[in-house]
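Pasted below: query-v5.txt, compact mmCIF, C-alpha atoms and all ligand atoms.
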```txt
# COMPACT_ATOMS: atom_id res chain seq x y z
CA MET A 21 3.57 -52.85 -33.76
CA LYS A 22 4.92 -54.65 -30.73
CA THR A 23 5.11 -52.41 -27.70
CA LEU A 24 7.34 -52.73 -24.65
CA ALA A 25 4.29 -54.01 -22.74
CA ASP A 26 3.82 -56.81 -25.33
CA ASP A 27 7.48 -57.60 -25.04
CA ILE A 28 7.23 -57.87 -21.27
CA VAL A 29 4.15 -60.17 -21.39
CA GLU A 30 5.93 -62.37 -23.91
CA THR A 31 9.06 -62.52 -21.76
CA MET A 32 6.98 -63.55 -18.73
CA GLU A 33 5.45 -66.40 -20.77
CA VAL A 34 8.60 -67.57 -22.50
CA GLN A 35 10.65 -67.58 -19.31
CA CYS A 36 7.75 -69.09 -17.30
CA LEU A 37 8.05 -66.31 -14.69
CA SER A 38 5.37 -66.15 -12.00
CA ILE A 39 6.70 -62.88 -10.61
CA CYS A 40 9.44 -60.52 -11.83
CA SER A 41 10.81 -57.24 -10.47
CA VAL A 42 11.20 -54.07 -12.55
CA THR A 43 15.00 -54.22 -12.43
CA GLU A 44 15.05 -57.88 -13.42
CA MET A 45 12.64 -57.27 -16.30
CA ALA A 46 14.62 -54.23 -17.40
CA ARG A 47 17.67 -56.47 -17.65
CA LEU A 48 15.74 -59.17 -19.56
CA VAL A 49 14.23 -56.84 -22.17
CA GLY A 50 17.21 -54.44 -22.26
CA GLU A 51 15.18 -51.29 -21.55
CA PRO A 52 15.67 -48.49 -18.96
CA VAL A 53 14.04 -49.12 -15.55
CA PRO A 54 11.64 -46.12 -15.68
CA ASN A 55 10.22 -47.30 -19.04
CA VAL A 56 9.67 -50.79 -17.68
CA ALA A 57 8.05 -49.40 -14.51
CA ALA A 58 5.65 -47.35 -16.67
CA ALA A 59 4.88 -50.43 -18.78
CA PHE A 60 4.17 -52.43 -15.59
CA THR A 61 1.67 -49.82 -14.43
CA ALA A 62 0.02 -49.75 -17.87
CA LEU A 63 -0.26 -53.55 -17.91
CA GLY A 64 -1.82 -53.49 -14.43
CA GLU A 65 -4.31 -50.80 -15.42
CA ALA A 66 -5.25 -52.71 -18.58
CA LYS A 67 -5.71 -55.80 -16.37
CA ARG A 68 -3.30 -57.77 -18.55
CA ALA A 69 -1.16 -58.62 -15.53
CA ILE A 70 -1.06 -58.13 -11.78
CA VAL A 71 1.21 -55.43 -10.41
CA VAL A 72 2.62 -56.16 -6.97
CA ARG A 73 4.53 -53.83 -4.69
CA ARG A 74 6.88 -55.33 -2.12
CA GLY A 75 9.32 -53.90 0.38
CA LYS A 76 9.40 -50.92 2.71
CA GLY A 77 8.65 -47.32 1.74
CA LYS A 78 7.82 -47.05 -1.94
CA GLY A 79 9.07 -50.61 -2.32
CA THR A 80 9.78 -52.38 -5.58
CA LEU A 81 7.34 -53.00 -8.36
CA TYR A 82 6.84 -56.56 -9.59
CA LEU A 83 4.79 -58.01 -12.37
CA ALA A 84 2.94 -61.22 -11.47
CA SER A 85 1.31 -63.71 -13.78
CA ASN A 86 -2.49 -63.83 -13.74
CA ASN A 87 -2.52 -66.87 -11.48
CA HIS A 88 -0.75 -65.04 -8.66
CA PRO A 89 -1.96 -66.78 -5.47
CA GLU A 90 -2.01 -63.72 -3.19
CA LEU A 91 -4.57 -60.93 -3.03
CA VAL A 92 -3.20 -57.60 -4.18
CA CYS A 93 -4.52 -54.28 -2.89
CA CYS A 94 -6.28 -52.30 -5.65
CA ASN A 95 -4.73 -49.07 -4.35
CA CYS A 96 -1.19 -49.70 -3.11
CA HIS A 97 -0.61 -53.03 -4.92
CA ARG A 98 0.70 -54.66 -1.78
CA GLU A 99 -0.27 -58.22 -0.94
CA TYR A 100 -2.83 -58.58 1.84
CA THR A 101 -5.07 -61.13 3.49
CA ARG A 102 -8.76 -60.81 4.32
CA GLY A 103 -11.33 -62.67 6.38
CA LYS A 104 -13.14 -65.62 4.85
CA LYS A 105 -16.35 -63.70 4.20
CA SER A 106 -14.70 -60.37 3.40
CA LYS A 107 -14.94 -58.98 -0.10
CA ALA A 108 -12.44 -56.16 0.54
CA VAL A 109 -10.38 -55.28 -2.52
CA ALA A 110 -8.06 -52.96 -0.59
CA CYS A 111 -5.56 -53.81 2.14
CA SER A 112 -6.85 -51.16 4.55
CA GLN A 113 -9.59 -48.61 5.08
CA SER A 114 -7.25 -45.79 4.04
CA CYS A 115 -6.41 -47.60 0.78
CA ALA A 116 -10.14 -48.17 0.18
CA ASN A 117 -10.77 -44.44 0.71
CA SER A 118 -7.89 -43.45 -1.49
CA PHE A 119 -9.00 -45.85 -4.24
CA SER A 120 -12.58 -44.58 -4.15
CA TRP A 121 -11.28 -41.13 -5.14
CA LYS A 122 -9.59 -42.60 -8.20
CA LYS A 123 -12.86 -43.88 -9.76
CA PRO A 124 -13.69 -41.89 -12.90
CA GLY A 125 -15.76 -38.82 -12.07
CA ALA A 126 -15.82 -39.58 -8.35
CA ALA A 127 -13.35 -36.87 -7.37
CA ALA A 128 -15.18 -34.18 -9.39
CA ARG A 129 -18.56 -35.20 -7.94
CA ARG A 130 -17.29 -35.20 -4.36
CA ILE A 131 -15.44 -31.92 -4.69
CA ALA A 132 -18.62 -30.32 -6.09
CA ALA A 133 -20.66 -31.70 -3.18
CA ILE A 134 -18.11 -30.51 -0.60
CA SER A 135 -17.84 -27.01 -2.03
CA ALA A 136 -21.66 -26.77 -2.19
CA GLN A 137 -21.80 -27.75 1.49
CA ARG A 138 -19.13 -25.13 2.34
CA GLN A 139 -21.15 -22.39 0.65
CA THR A 140 -24.09 -22.82 3.06
CA PRO A 141 -24.15 -20.41 6.06
CA GLN A 142 -23.41 -23.28 8.46
CA GLY A 143 -20.62 -24.55 6.20
CA LYS A 144 -19.05 -21.08 6.05
CA ALA A 145 -19.22 -20.69 9.84
CA ASN A 146 -17.59 -24.10 10.25
CA SER A 147 -14.78 -23.17 7.85
CA ILE A 148 -14.10 -19.92 9.69
CA ALA A 149 -14.04 -21.66 13.08
CA ARG A 150 -11.76 -24.41 11.76
CA ASN A 151 -9.34 -21.92 10.18
CA LYS A 152 -9.23 -19.73 13.29
CA LYS A 153 -8.34 -22.75 15.38
CA ARG A 154 -5.58 -23.75 12.99
CA TRP A 155 -4.09 -20.25 12.78
CA SER A 156 -4.09 -19.72 16.54
CA ASP A 157 -1.90 -22.79 17.08
CA PRO A 158 1.71 -21.54 16.63
CA GLU A 159 2.94 -24.90 15.38
CA GLN A 160 0.21 -25.24 12.76
CA HIS A 161 0.59 -21.57 11.90
CA ALA A 162 4.28 -22.01 11.08
CA ARG A 163 3.55 -25.15 9.08
CA LEU A 164 0.81 -23.43 7.06
CA ILE A 165 3.04 -20.46 6.32
CA ALA A 166 5.86 -22.72 5.15
CA ALA A 167 3.47 -24.72 2.94
CA ASN A 168 2.06 -21.51 1.46
CA LYS A 169 5.52 -20.16 0.68
CA ARG A 170 6.50 -23.43 -0.94
CA ALA A 171 3.35 -23.51 -3.06
CA TRP A 172 3.72 -19.90 -4.22
CA ALA A 173 7.36 -20.49 -5.14
CA ASN A 174 6.21 -22.96 -7.79
CA PRO A 175 5.56 -20.90 -10.96
CA VAL A 176 2.72 -23.16 -12.19
CA THR A 177 0.91 -23.16 -8.84
CA LYS A 178 1.48 -19.42 -8.59
CA ALA A 179 -0.07 -18.74 -12.01
CA LEU A 180 -3.06 -21.02 -11.32
CA ARG A 181 -3.71 -19.48 -7.90
CA ALA A 182 -3.34 -15.95 -9.18
CA ALA A 183 -5.84 -16.65 -11.97
CA ALA A 184 -8.29 -18.22 -9.52
CA ILE A 185 -8.02 -15.24 -7.17
CA ARG A 186 -8.45 -12.79 -10.05
CA ASN A 187 -11.54 -14.62 -11.29
CA ALA A 188 -13.08 -14.87 -7.86
CA HIS A 189 -12.58 -11.19 -7.06
CA SER A 190 -13.43 -9.57 -10.37
CA THR A 191 -17.18 -10.22 -10.39
CA PRO A 192 -19.30 -7.03 -10.40
CA GLU A 193 -20.62 -7.86 -6.91
CA LYS A 194 -17.15 -8.30 -5.44
CA ARG A 195 -15.85 -5.16 -7.13
CA ALA A 196 -18.74 -3.12 -5.75
CA LEU A 197 -18.15 -4.62 -2.31
CA TYR A 198 -14.44 -3.74 -2.33
CA SER A 199 -15.06 -0.27 -3.67
CA GLU A 200 -17.54 0.39 -0.87
CA MET A 201 -15.14 -1.11 1.68
CA ARG A 202 -12.23 1.07 0.52
CA LYS A 203 -14.34 4.20 0.69
CA ARG A 204 -15.45 3.28 4.21
CA HIS A 205 -11.86 2.65 5.29
CA TRP A 206 -10.56 5.90 3.83
CA ALA A 207 -13.29 7.83 5.65
CA ASP A 208 -12.18 6.37 9.00
CA PRO A 209 -9.29 8.57 10.28
CA GLU A 210 -7.63 5.74 12.21
CA LYS A 211 -7.73 3.33 9.28
CA ARG A 212 -6.67 6.08 6.92
CA LYS A 213 -3.55 6.80 8.96
CA LYS A 214 -2.68 3.13 9.03
CA MET A 215 -3.18 2.74 5.29
CA ILE A 216 -1.08 5.78 4.45
CA ALA A 217 1.71 4.48 6.68
CA GLY A 218 1.46 1.11 4.94
CA ILE A 219 1.61 2.63 1.47
CA LYS A 220 4.60 4.77 2.45
CA ARG A 221 6.31 1.72 3.85
CA SER A 222 5.74 -0.46 0.80
CA LYS A 223 5.99 2.12 -1.99
CA GLY A 224 8.38 4.61 -0.40
CA SER A 225 11.50 2.48 -0.16
CA PRO A 226 14.30 3.46 -2.55
CA GLU A 227 14.02 0.03 -4.21
CA ALA A 228 10.29 0.35 -4.78
CA ARG A 229 10.66 3.88 -6.09
CA ALA A 230 13.40 2.83 -8.48
CA LYS A 231 11.30 -0.10 -9.64
CA PHE A 232 8.20 1.98 -10.40
CA SER A 233 10.27 4.70 -11.96
CA LYS A 234 11.84 2.21 -14.33
CA LEU A 235 8.47 0.60 -15.03
CA LEU A 236 6.97 3.92 -15.98
CA LYS A 237 9.97 4.94 -18.11
CA ASP A 238 9.83 1.62 -19.93
CA ARG A 239 6.12 2.06 -20.58
CA TRP A 240 6.64 5.50 -22.04
CA ALA A 241 9.52 4.21 -24.16
CA ASP A 242 7.24 1.56 -25.66
CA PRO A 243 5.81 3.15 -28.85
CA VAL A 244 2.45 1.37 -28.57
CA MET A 245 1.96 2.31 -24.91
CA ARG A 246 3.21 5.83 -25.57
CA LYS A 247 0.61 6.32 -28.27
CA LYS A 248 -2.08 5.02 -25.95
CA TYR A 249 -0.96 7.23 -23.06
CA LEU A 250 -0.75 10.34 -25.19
CA ALA A 251 -4.19 9.71 -26.64
CA ALA A 252 -5.57 9.31 -23.12
CA VAL A 253 -3.83 12.45 -21.89
CA ARG A 254 -5.22 14.48 -24.80
CA ARG A 255 -8.68 13.01 -24.38
CA ASN A 256 -8.70 13.79 -20.66
CA ALA A 257 -7.33 17.28 -21.20
CA ARG A 258 -10.26 18.07 -23.47
CA ASP A 259 -12.93 16.56 -21.20
CA PRO A 260 -14.61 19.49 -19.38
CA LYS A 261 -15.92 17.26 -16.60
CA LEU A 262 -12.50 15.82 -15.88
CA ARG A 263 -10.87 19.23 -16.09
CA GLU A 264 -13.25 20.65 -13.52
CA ALA A 265 -12.82 17.66 -11.21
CA ASN A 266 -9.06 17.83 -11.52
CA LYS A 267 -9.00 21.55 -10.80
CA LEU A 268 -11.04 21.08 -7.62
CA ARG A 269 -8.89 18.16 -6.55
CA MET A 270 -5.65 20.07 -7.02
CA ARG A 271 -7.02 23.11 -5.24
CA LYS A 272 -7.99 20.98 -2.25
CA LEU A 273 -4.59 19.33 -2.29
CA TRP A 274 -2.69 22.62 -2.28
CA GLN A 275 -4.84 23.94 0.56
CA ASP A 276 -3.77 21.01 2.70
CA PRO A 277 -0.70 22.06 4.79
CA GLU A 278 0.23 18.37 5.03
CA PHE A 279 0.52 18.09 1.27
CA PHE A 280 3.86 19.84 1.13
CA LYS A 281 5.30 17.67 3.88
CA MET A 282 4.04 14.56 2.14
CA ARG A 283 5.88 15.27 -1.07
CA THR A 284 9.25 13.68 -1.69
CA PRO A 285 12.45 15.73 -1.29
CA GLY A 286 12.82 15.78 -5.08
CA ALA A 287 9.33 17.06 -5.68
CA ARG A 288 9.75 19.55 -2.85
CA SER A 289 12.85 21.13 -4.29
CA ALA A 290 11.25 21.19 -7.74
CA ALA A 291 8.37 23.22 -6.37
CA SER A 292 10.20 25.42 -3.90
CA LYS A 293 8.71 26.24 -0.58
CA ARG A 294 7.89 29.74 -1.70
CA GLY A 295 6.22 28.44 -4.83
CA TYR A 296 4.17 26.16 -2.68
CA GLU A 297 3.08 28.97 -0.39
CA THR A 298 2.05 31.10 -3.36
CA ARG A 299 0.04 28.31 -4.85
CA ARG A 300 -1.58 27.58 -1.52
CA LYS A 301 -2.56 31.20 -1.03
CA ASN A 302 -3.89 31.41 -4.56
CA ALA A 303 -5.92 28.30 -3.97
CA GLU A 304 -7.31 29.72 -0.76
CA GLN A 305 -8.31 32.95 -2.45
CA ARG A 306 -10.18 31.06 -5.11
CA THR A 307 -12.51 29.34 -2.65
ZN ZN B 1 -3.29 -50.98 0.05
```

Can you present the structure in this file as structure tokens?
Amino acid sequence: MKTLADDIVETMEVQCLSICSVTEMARLVGEPVPNVAAAFTALGEAKRAIVVRRGKGKGTLYLASNNHPELVCCNCHREYTRGKKSKAVACSQSCANSFSWKKPGAAARRIAAISAQRQTPQGKANSIARNKKRWSDPEQHARLIAANKRAWANPVTKALRAAAIRNAHSTPEKRALYSEMRKRHWADPEKRKKMIAGIKRSKGSPEARAKFSKLLKDRWADPVMRKKYLAAVRRNARDPKLREANKLRMRKLWQDPEFFKMRTPGARSAASKRGYETRRKNAEQRT
């Protein structure tokens, strides 16, 4: 079957064209410009013709016959000149660098080498120093924040990043580390105060409360989840160890004078002040 690329090569030969722009070729073969541009790139990659880029910015793509007299950069496809003894296949050092990354397997190999280097103690220290420097510069800081926001707004990037973060942080070592860290933080009165304030701020807003309330109601309305929840509730209610732990936890909670103040107005009116006092006294007597 004759493809668009075949058609283009044939047109170049029949019309004796030495060089032809995308738009001109699109007109000659009667195909949309994007299709012709894609066919040009494919022909260049298959080395069936030379692709040339001319003009400012992105420029215009041309297809040149194989006896094109000029040198064409392997990376940007712009025409360039080189010294008599030079064997450069790219127009500039940056194009040579960029092209070297496009060689099959090269990118994967280099990324592996770089990340191995970054994992060494010296590499880690360098990364931290570099990042600190970047973050302390207000201009760079603002730029980084904007770039981050842009990236996270893209649903595909967001999903990929979230998965990467989840994978990186869910190893047994990391989980143990975080668990230990949380316990340490909760034991520190200053940190504890800060964390409680933070939680109240983020979870205590009317919007957040409405959101979680709806989430929970929806879960309970879902027959599958409901079955699961009920089974768990029954299982826990029968577990002597859990029952004992829960009893002690509740007793401690009721003994805490702050507990009543911490409760929401709704919960407070549900368990009236007097009820609270009674429960607190009862709890005290039991210890
Ligand atoms: Zn170039």

- Task: For atom CA of Val253 of chain A and atom CA of Pro277 of chain A, quote the distance in Å rounded to one decimal.
- Result: 28.5 Å

- Item | For ligand ZN 1 (chain B), the nearest of the candidates A:Arg74, A:Arg150, A:Arg299, A:Arg47, counting all atoms listed in the file |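 Among A:Arg74, A:Arg150, A:Arg299, A:Arg47, it is A:Arg74 that comes nearest to ligand ZN 1 (chain B).
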
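Contacts with ligand ZN 1 (chain B) are defined as any residue atom within 7 Å of a ligand atom, using all atoms listed in the file; the residues meeting this criterion are Cys93, Cys94, Asn95, Cys96, His97, Arg98, Ala110, Cys111, Ser112 and Cys115 of chain A.
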
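For Lys267 of chain A, the list of residues within 12 Å, based on only C-alpha atoms and with local chain neighbours fewer than 5 positions off taken out, reads Ala257, Pro260, Lys261, Leu262, Lys272, Leu273, Trp274, Ala303, Arg306 and Thr307 of chain A.
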
- Query: Looking at A:Lys104, A:Arg186, A:Arg263, A:Lys301, which one is nearest to Gln275 of chain A, with distances taken over all atoms listed in the file?
  - Reply: A:Lys301

- Message: Would you pick out the contacts of segment 49-55 of chain A at 12 Å or less, using all atoms listed in the file, so that residues sharing its chain but fewer than 5 positions from it are not included, and give the list as a PyMOL selection string?
- Response: chain A and resi 23-32+35+40-44+60-62+80-82

- Item | Neighbours of point (2.1, -61.1, -11.9) within 8 Å, using all atoms listed in the file, written as number ranges by chain | A: 38-40, 69-72, 82-88

- Query: What is the distance, in Å and to one decimal place, between atom CA of Lys211 of chain A and atom CA of Met270 of chain A?
  - Reply: 23.5 Å

- What is the atom CA of Met215 of chain A to atom CA of Arg202 of chain A distance in Å?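 Atom CA of Met215 of chain A sits 10.4 Å away from atom CA of Arg202 of chain A.
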
- List the neighbours of Leu164 of chain A out to 10 Å using all atoms listed in the file; skip same-chain residues closer than 6 positions along the sequence, and give me the result as a list in words. Arg154, Trp155, Pro158 and Arg170 of chain A

So that all listed atoms of segment 236-254 of chain A fit with 4 Å spare on each side, what axis-aligned box centre and edge lengths in Å, to one decimal, would you give as JSON?
```
{"center_x": 2.2, "center_y": 7.9, "center_z": -22.4, "size_x": 23.5, "size_y": 21.1, "size_z": 20.9}
```
